[in-house]
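File shown: my_file12.json. Contents: JSON, C-alpha atoms.
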```
[["chain", "number", "residue", "atom", "x", "y", "z"],
["C", 142, "PRO", "CA", 15.93, 147.03, 62.47],
["C", 143, "LEU", "CA", 16.58, 149.17, 59.42],
["C", 144, "PRO", "CA", 17.56, 152.38, 61.23],
["C", 145, "GLU", "CA", 20.80, 150.75, 62.44],
["C", 146, "PRO", "CA", 22.65, 150.69, 59.08],
["C", 147, "ILE", "CA", 21.34, 154.18, 58.29],
["C", 148, "ASP", "CA", 22.30, 155.49, 61.74],
["C", 149, "THR", "CA", 25.74, 153.92, 61.28],
["C", 150, "ALA", "CA", 26.17, 155.72, 57.94],
["C", 151, "ARG", "CA", 25.72, 159.25, 59.29],
["C", 152, "PRO", "CA", 28.68, 159.41, 61.74],
["C", 153, "LYS", "CA", 30.94, 157.45, 59.37],
["C", 154, "ALA", "CA", 30.09, 159.43, 56.21],
["C", 155, "GLY", "CA", 29.38, 162.85, 57.73],
["C", 156, "PRO", "CA", 32.97, 164.04, 58.27],
["C", 157, "GLN", "CA", 34.06, 162.33, 55.03],
["C", 158, "VAL", "CA", 31.45, 164.36, 53.08],
["C", 159, "GLU", "CA", 31.72, 167.68, 54.92],
["C", 160, "ARG", "CA", 35.53, 167.94, 54.74],
["C", 161, "PRO", "CA", 35.52, 168.72, 50.97],
["C", 162, "GLY", "CA", 32.47, 170.99, 51.36],
["C", 163, "PHE", "CA", 29.65, 168.62, 50.39],
["C", 164, "ALA", "CA", 26.30, 168.26, 52.16],
["C", 165, "LEU", "CA", 25.16, 164.84, 53.41],
["C", 166, "VAL", "CA", 21.46, 164.02, 53.28],
["C", 167, "VAL", "CA", 20.39, 160.80, 55.03],
["C", 168, "ARG", "CA", 16.78, 159.60, 54.73],
["C", 169, "ASN", "CA", 15.00, 156.49, 55.97],
["C", 170, "GLU", "CA", 11.86, 156.20, 53.82],
["C", 171, "ALA", "CA", 11.14, 152.56, 54.69],
["C", 172, "PRO", "CA", 7.95, 151.89, 56.67],
["C", 173, "ASP", "CA", 8.24, 151.47, 60.44],
["C", 174, "GLY", "CA", 8.96, 147.88, 61.40],
["C", 175, "THR", "CA", 11.10, 147.21, 58.30],
["C", 176, "THR", "CA", 14.08, 145.10, 59.32],
["C", 177, "VAL", "CA", 17.12, 143.78, 57.53],
["C", 178, "VAL", "CA", 19.83, 141.37, 58.61],
["C", 179, "VAL", "CA", 23.20, 143.01, 58.04],
["C", 180, "ASP", "CA", 26.67, 142.95, 59.45],
["C", 181, "LEU", "CA", 26.98, 146.55, 60.66],
["C", 182, "ASP", "CA", 30.73, 146.60, 59.97],
["C", 183, "CYS", "CA", 30.12, 145.42, 56.39],
["C", 184, "ALA", "CA", 27.30, 147.96, 55.94],
["C", 185, "ALA", "CA", 29.54, 150.74, 57.27],
["C", 186, "GLN", "CA", 32.35, 149.75, 54.88],
["C", 187, "ILE", "CA", 29.90, 149.69, 51.97],
["C", 188, "PHE", "CA", 28.70, 153.20, 52.81],
["C", 189, "ILE", "CA", 32.26, 154.48, 53.28],
["C", 190, "ASN", "CA", 33.34, 153.11, 49.89],
["C", 191, "LEU", "CA", 30.25, 154.32, 48.04],
["C", 192, "VAL", "CA", 30.44, 157.79, 49.60],
["C", 193, "ASP", "CA", 34.17, 157.99, 48.85],
["C", 194, "ASN", "CA", 33.42, 157.06, 45.24],
["C", 195, "ALA", "CA", 30.63, 159.66, 45.05],
["C", 196, "LEU", "CA", 32.92, 162.38, 46.37],
["C", 197, "LYS", "CA", 35.78, 161.41, 44.09],
["C", 198, "PHE", "CA", 33.75, 161.44, 40.90],
["C", 199, "SER", "CA", 31.57, 164.47, 41.65],
["C", 200, "ALA", "CA", 34.33, 166.77, 42.89],
["C", 201, "GLY", "CA", 33.67, 169.20, 40.03],
["C", 202, "ALA", "CA", 29.88, 168.96, 40.18],
["C", 203, "ALA", "CA", 27.70, 172.06, 40.50],
["C", 204, "ILE", "CA", 25.63, 170.38, 43.23],
["C", 205, "LYS", "CA", 27.86, 169.40, 46.16],
["C", 206, "LYS", "CA", 25.60, 166.83, 47.80],
["C", 207, "VAL", "CA", 25.62, 163.11, 48.61],
["C", 208, "GLU", "CA", 22.35, 161.41, 49.51],
["C", 209, "ILE", "CA", 22.01, 158.15, 51.43],
["C", 210, "THR", "CA", 18.50, 156.72, 51.39],
["C", 211, "ALA", "CA", 16.77, 153.58, 52.61],
["C", 212, "ARG", "CA", 13.44, 152.66, 51.05],
["C", 213, "ARG", "CA", 11.23, 149.65, 50.47],
["C", 214, "ASN", "CA", 10.80, 148.15, 46.99],
["C", 215, "SER", "CA", 7.44, 146.90, 45.80],
["C", 216, "ASP", "CA", 8.76, 143.32, 46.14],
["C", 217, "GLY", "CA", 9.51, 143.88, 49.84],
["C", 218, "ALA", "CA", 13.28, 144.15, 49.50],
["C", 219, "VAL", "CA", 15.05, 147.07, 51.15],
["C", 220, "LEU", "CA", 17.06, 149.38, 48.92],
["C", 221, "LEU", "CA", 19.97, 151.35, 50.38],
["C", 222, "THR", "CA", 21.23, 153.96, 47.95],
["C", 223, "VAL", "CA", 24.09, 156.43, 47.70],
["C", 224, "ARG", "CA", 23.54, 159.16, 45.12],
["C", 225, "ASP", "CA", 25.83, 161.88, 43.86],
["C", 226, "TYR", "CA", 25.34, 164.75, 41.41],
["C", 227, "GLY", "CA", 28.46, 164.26, 39.31],
["C", 228, "PRO", "CA", 28.75, 163.26, 35.64],
["C", 229, "GLY", "CA", 27.39, 159.73, 36.12],
["C", 230, "VAL", "CA", 28.88, 156.51, 34.76],
["C", 231, "PRO", "CA", 29.23, 155.82, 31.02],
["C", 232, "LYS", "CA", 26.40, 153.41, 30.11],
["C", 233, "THR", "CA", 28.79, 150.85, 28.64],
["C", 234, "GLN", "CA", 30.65, 150.66, 31.96],
["C", 235, "LEU", "CA", 27.76, 150.36, 34.46],
["C", 236, "LYS", "CA", 28.25, 146.59, 34.83],
["C", 237, "LYS", "CA", 32.06, 146.60, 34.63],
["C", 238, "ILE", "CA", 32.69, 149.08, 37.46],
["C", 239, "PHE", "CA", 32.16, 146.38, 40.09],
["C", 240, "GLU", "CA", 35.00, 144.25, 38.69],
["C", 241, "LEU", "CA", 38.25, 144.11, 40.64],
["C", 242, "PHE", "CA", 40.79, 146.73, 39.47],
["C", 243, "TYR", "CA", 38.43, 148.12, 36.83],
["C", 244, "ARG", "CA", 38.71, 151.89, 36.33],
["C", 245, "ALA", "CA", 36.16, 153.67, 34.15],
["C", 246, "GLU", "CA", 38.51, 156.47, 33.18],
["C", 247, "ASN", "CA", 41.17, 156.39, 30.50],
["C", 248, "GLU", "CA", 44.52, 155.64, 32.09],
["C", 249, "LEU", "CA", 46.27, 158.53, 30.32],
["C", 250, "THR", "CA", 43.66, 161.20, 31.13],
["C", 251, "ARG", "CA", 42.54, 159.95, 34.55],
["C", 252, "GLU", "CA", 41.74, 162.75, 37.00],
["C", 253, "THR", "CA", 40.88, 160.67, 40.08],
["C", 254, "VAL", "CA", 43.11, 158.53, 42.22],
["C", 255, "GLY", "CA", 42.27, 154.98, 43.20],
["C", 256, "THR", "CA", 42.99, 151.34, 42.57],
["C", 257, "GLY", "CA", 39.69, 149.98, 41.31],
["C", 258, "ILE", "CA", 39.18, 147.93, 44.47],
["C", 259, "GLY", "CA", 36.43, 149.95, 46.23],
["C", 260, "LEU", "CA", 33.41, 148.93, 44.17],
["C", 261, "ALA", "CA", 34.58, 145.31, 43.90],
["C", 262, "LEU", "CA", 34.80, 145.27, 47.70],
["C", 263, "VAL", "CA", 31.29, 146.75, 47.92],
["C", 264, "ARG", "CA", 29.99, 143.94, 45.70],
["C", 265, "GLN", "CA", 31.75, 141.25, 47.78],
["C", 266, "LEU", "CA", 30.52, 142.66, 51.11],
["C", 267, "ALA", "CA", 26.97, 143.01, 49.77],
["C", 268, "SER", "CA", 27.05, 139.46, 48.45],
["C", 269, "ALA", "CA", 28.25, 138.17, 51.84],
["C", 270, "MET", "CA", 25.09, 139.69, 53.37],
["C", 271, "GLY", "CA", 22.82, 138.18, 50.70],
["C", 272, "ALA", "CA", 22.42, 141.54, 48.96],
["C", 273, "ARG", "CA", 22.73, 142.61, 45.34],
["C", 274, "VAL", "CA", 24.49, 145.76, 44.20],
["C", 275, "ASP", "CA", 24.16, 147.80, 41.04],
["C", 276, "ALA", "CA", 24.38, 151.35, 39.73],
["C", 277, "ARG", "CA", 22.25, 153.55, 37.55],
["C", 278, "ASN", "CA", 22.56, 157.02, 36.14],
["C", 279, "CYS", "CA", 20.38, 159.88, 37.30],
["C", 280, "GLU", "CA", 20.00, 163.38, 35.87],
["C", 281, "PRO", "CA", 22.53, 164.48, 37.01],
["C", 282, "GLY", "CA", 24.78, 161.96, 38.75],
["C", 283, "ALA", "CA", 24.78, 158.31, 39.65],
["C", 284, "GLU", "CA", 22.99, 156.20, 42.22],
["C", 285, "PHE", "CA", 24.61, 153.10, 43.70],
["C", 286, "ARG", "CA", 22.08, 150.64, 45.06],
["C", 287, "VAL", "CA", 22.39, 147.83, 47.59],
["C", 288, "GLU", "CA", 19.29, 145.64, 47.66],
["C", 289, "LEU", "CA", 18.79, 143.62, 50.85],
["C", 290, "PRO", "CA", 16.11, 141.03, 51.50],
["C", 291, "SER", "CA", 13.64, 142.26, 54.14],
["C", 292, "HIS", "CA", 13.13, 140.30, 57.36],
["C", 293, "ASP", "CA", 9.98, 141.94, 58.68],
["C", 294, "ALA", "CA", 8.39, 140.62, 61.81],
["C", 295, "ARG", "CA", 4.73, 140.42, 60.81]]
```

Could you render the structure as structure tokens?
Amino acid sequence: PLPEPIDTARPKAGPQVERPGFALVVRNEAPDGTTVVVDLDCAAQIFINLVDNALKFSAGAAIKKVEITARRNSDGAVLLTVRDYGPGVPKTQLKKIFELFYRAENELTRETVGTGIGLALVRQLASAMGARVDARNCEPGAEFRVELPSHDAR
């Protein structure tokens, strides 16, 4: 059932988010009975990496909040999202950020630490579960999306 990956996210991400003074909002907006087939360890690692990324890149944001949401797409797929309220991702780099070792920031002026492995790992773990991953900009911030096929018992 869908609540499992969402329920797994809260205890894993909660302390990670609250330590630097952010609020964590977790919502399951999918209809009752919506189920997905996921490896809970993979799903937990995806959430940990996406939340870590959100915290890292929105450290200076006016709104100190990370949102994790599960909802149903019109095509029946389940969308798990992690949203922050930071500066977002430069449009030209939205596709590149999932490449291994890719860093969106200029090497000489970089303000965040990291290796460029986190989002590549997210993409690999999502792919292993038959999911797709992408990112889009919001006003303000960015939303990272993991789209899983639904396995509803109807």

message = Report, in Å with one decimal, the straight-line distance from atom CA of Leu266 of chain C to atom CA of Gln186 of chain C.
response =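 For atom CA of Leu266 of chain C relative to atom CA of Gln186 of chain C, the distance reads 8.2 Å.
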
task = Give me the residues within 10 Å of Val274 of chain C as a VMD selection string, counting all atoms listed in the file and dropping any in the same chain fewer than 4 places off.
result = chain C and resid 220 to 222 239 260 263 to 268 285 to 289

key: Given only C-alpha atoms as the counted atoms, nearest of C:Ala211, C:Ile147, C:Ala276, C:Val192 to Pro172 of chain C   =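 Smallest separation from Pro172 of chain C among the options: C:Ala211.
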
Taking only residues of segment 184-285 of chain C that have an atom at most 8 Å from an atom of segment 157-166 of chain C, what is each one's shortest atom pair and its distance in Å to one decimal, using all atoms listed in the file, in chain and number order, as a tab-separated table?
```
residue	atom	partner	partner_atom	distance
C:Val192	CA	C:Val158	CA	7.5
C:Asp193	CA	C:Gln157	CA	7.6
C:Leu196	CA	C:Val158	CA	7.1
C:Lys205	CA	C:Phe163	CA	4.7
C:Lys206	CA	C:Ala164	CA	4.6
C:Val207	CA	C:Leu165	CA	5.1
C:Glu208	CA	C:Val166	CA	4.7
C:Ile209	CA	C:Val166	CA	6.2
```

message = So, with only C-alpha atoms as the atoms that count, which of C:Val219, C:Ile238, C:Ala203, C:Val179 lies closest to Arg277 of chain C?
response = C:Ile238

ask   = From the set C:Asn194, C:Thr233, C:Asp173, C:Asp148, which residue has the shortest atom-to-atom contact distance to Ile258 of chain C, counting all atoms listed in the file?
value = C:Asn194

request  = Go through C:Asp216, C:Phe242, C:Tyr226, C:Lys153 one by one, measure the shortest atom-to-atom distance of each to Ile204 of chain C using only C-alpha atoms, and give the residue with the smallest value.
outcome  =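 That would be C:Tyr226, the residue with the smallest distance to Ile204 of chain C.
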
Can I get a file of segment 204-236 of chain C from the given structure, N, CA and C atoms kept, as an mmCIF file, in the first residue's frame?
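Dumped to part37.cif:
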```
data_model
loop_
_atom_site.group_PDB
_atom_site.id
_atom_site.type_symbol
_atom_site.label_atom_id
_atom_site.label_comp_id
_atom_site.auth_asym_id
_atom_site.auth_seq_id
_atom_site.Cartn_x
_atom_site.Cartn_y
_atom_site.Cartn_z
ATOM 1 N N ILE C 204 11.662 30.681 3.192
ATOM 2 C CA ILE C 204 10.719 29.679 3.708
ATOM 3 C C ILE C 204 11.513 28.414 4.019
ATOM 4 N N LYS C 205 11.583 28.064 5.279
ATOM 5 C CA LYS C 205 12.364 26.897 5.729
ATOM 6 C C LYS C 205 11.421 25.702 5.851
ATOM 7 N N LYS C 206 11.098 25.112 4.687
ATOM 8 C CA LYS C 206 10.138 24.011 4.679
ATOM 9 C C LYS C 206 10.482 23.032 3.558
ATOM 10 N N VAL C 207 10.315 21.736 3.850
ATOM 11 C CA VAL C 207 10.437 20.682 2.846
ATOM 12 C C VAL C 207 9.125 19.913 2.867
ATOM 13 N N GLU C 208 8.552 19.699 1.697
ATOM 14 C CA GLU C 208 7.281 18.990 1.594
ATOM 15 C C GLU C 208 7.479 17.674 0.850
ATOM 16 N N ILE C 209 6.955 16.602 1.430
ATOM 17 C CA ILE C 209 6.933 15.295 0.772
ATOM 18 C C ILE C 209 5.462 14.965 0.546
ATOM 19 N N THR C 210 5.115 14.686 -0.699
ATOM 20 C CA THR C 210 3.718 14.439 -1.044
ATOM 21 C C THR C 210 3.603 13.208 -1.925
ATOM 22 N N ALA C 211 2.520 12.466 -1.732
ATOM 23 C CA ALA C 211 2.157 11.370 -2.632
ATOM 24 C C ALA C 211 0.795 11.716 -3.215
ATOM 25 N N ARG C 212 0.678 11.631 -4.528
ATOM 26 C CA ARG C 212 -0.610 11.885 -5.164
ATOM 27 C C ARG C 212 -0.749 11.023 -6.398
ATOM 28 N N ARG C 213 -1.941 10.949 -6.915
ATOM 29 C CA ARG C 213 -2.252 10.135 -8.081
ATOM 30 C C ARG C 213 -2.322 11.008 -9.314
ATOM 31 N N ASN C 214 -1.627 10.631 -10.378
ATOM 32 C CA ASN C 214 -1.723 11.328 -11.663
ATOM 33 C C ASN C 214 -2.993 10.912 -12.379
ATOM 34 N N SER C 215 -3.366 11.683 -13.378
ATOM 35 C CA SER C 215 -4.567 11.348 -14.155
ATOM 36 C C SER C 215 -4.401 10.028 -14.911
ATOM 37 N N ASP C 216 -3.154 9.631 -15.204
ATOM 38 C CA ASP C 216 -2.927 8.367 -15.918
ATOM 39 C C ASP C 216 -2.858 7.167 -14.967
ATOM 40 N N GLY C 217 -3.069 7.400 -13.678
ATOM 41 C CA GLY C 217 -3.072 6.305 -12.706
ATOM 42 C C GLY C 217 -1.755 6.099 -11.988
ATOM 43 N N ALA C 218 -0.677 6.686 -12.512
ATOM 44 C CA ALA C 218 0.619 6.540 -11.853
ATOM 45 C C ALA C 218 0.603 7.287 -10.522
ATOM 46 N N VAL C 219 1.496 6.893 -9.627
ATOM 47 C CA VAL C 219 1.619 7.550 -8.333
ATOM 48 C C VAL C 219 2.855 8.437 -8.363
ATOM 49 N N LEU C 220 2.685 9.660 -7.935
ATOM 50 C CA LEU C 220 3.760 10.640 -7.945
ATOM 51 C C LEU C 220 4.175 10.935 -6.512
ATOM 52 N N LEU C 221 5.436 10.650 -6.200
ATOM 53 C CA LEU C 221 6.018 10.999 -4.911
ATOM 54 C C LEU C 221 6.898 12.214 -5.168
ATOM 55 N N THR C 222 6.688 13.278 -4.409
ATOM 56 C CA THR C 222 7.448 14.492 -4.649
ATOM 57 C C THR C 222 8.137 14.994 -3.382
ATOM 58 N N VAL C 223 9.266 15.655 -3.584
ATOM 59 C CA VAL C 223 9.971 16.358 -2.522
ATOM 60 C C VAL C 223 10.178 17.776 -3.033
ATOM 61 N N ARG C 224 9.603 18.734 -2.310
ATOM 62 C CA ARG C 224 9.668 20.136 -2.734
ATOM 63 C C ARG C 224 10.381 20.977 -1.690
ATOM 64 N N ASP C 225 11.187 21.914 -2.196
ATOM 65 C CA ASP C 225 11.827 22.885 -1.318
ATOM 66 C C ASP C 225 11.431 24.284 -1.778
ATOM 67 N N TYR C 226 11.849 25.290 -1.030
ATOM 68 C CA TYR C 226 11.525 26.679 -1.334
ATOM 69 C C TYR C 226 12.782 27.512 -1.560
ATOM 70 N N GLY C 227 13.804 26.858 -2.095
ATOM 71 C CA GLY C 227 15.066 27.525 -2.397
ATOM 72 C C GLY C 227 15.022 28.233 -3.739
ATOM 73 N N PRO C 228 16.193 28.424 -4.367
ATOM 74 C CA PRO C 228 16.268 29.178 -5.619
ATOM 75 C C PRO C 228 15.844 28.387 -6.859
ATOM 76 N N GLY C 229 15.619 27.088 -6.730
ATOM 77 C CA GLY C 229 15.281 26.291 -7.902
ATOM 78 C C GLY C 229 16.534 25.848 -8.650
ATOM 79 N N VAL C 230 16.326 25.237 -9.799
ATOM 80 C CA VAL C 230 17.413 24.694 -10.615
ATOM 81 C C VAL C 230 17.440 25.469 -11.929
ATOM 82 N N PRO C 231 18.610 25.942 -12.359
ATOM 83 C CA PRO C 231 18.653 26.622 -13.664
ATOM 84 C C PRO C 231 18.034 25.729 -14.744
ATOM 85 N N LYS C 232 17.165 26.328 -15.563
ATOM 86 C CA LYS C 232 16.415 25.571 -16.579
ATOM 87 C C LYS C 232 17.304 24.701 -17.454
ATOM 88 N N THR C 233 18.460 25.222 -17.820
ATOM 89 C CA THR C 233 19.360 24.493 -18.716
ATOM 90 C C THR C 233 19.959 23.261 -18.044
ATOM 91 N N GLN C 234 19.817 23.155 -16.723
ATOM 92 C CA GLN C 234 20.455 22.058 -15.998
ATOM 93 C C GLN C 234 19.463 21.043 -15.432
ATOM 94 N N LEU C 235 18.164 21.237 -15.665
ATOM 95 C CA LEU C 235 17.157 20.337 -15.094
ATOM 96 C C LEU C 235 17.368 18.879 -15.499
ATOM 97 N N LYS C 236 17.792 18.624 -16.708
ATOM 98 C CA LYS C 236 18.007 17.243 -17.160
ATOM 99 C C LYS C 236 19.372 16.718 -16.723
#
```
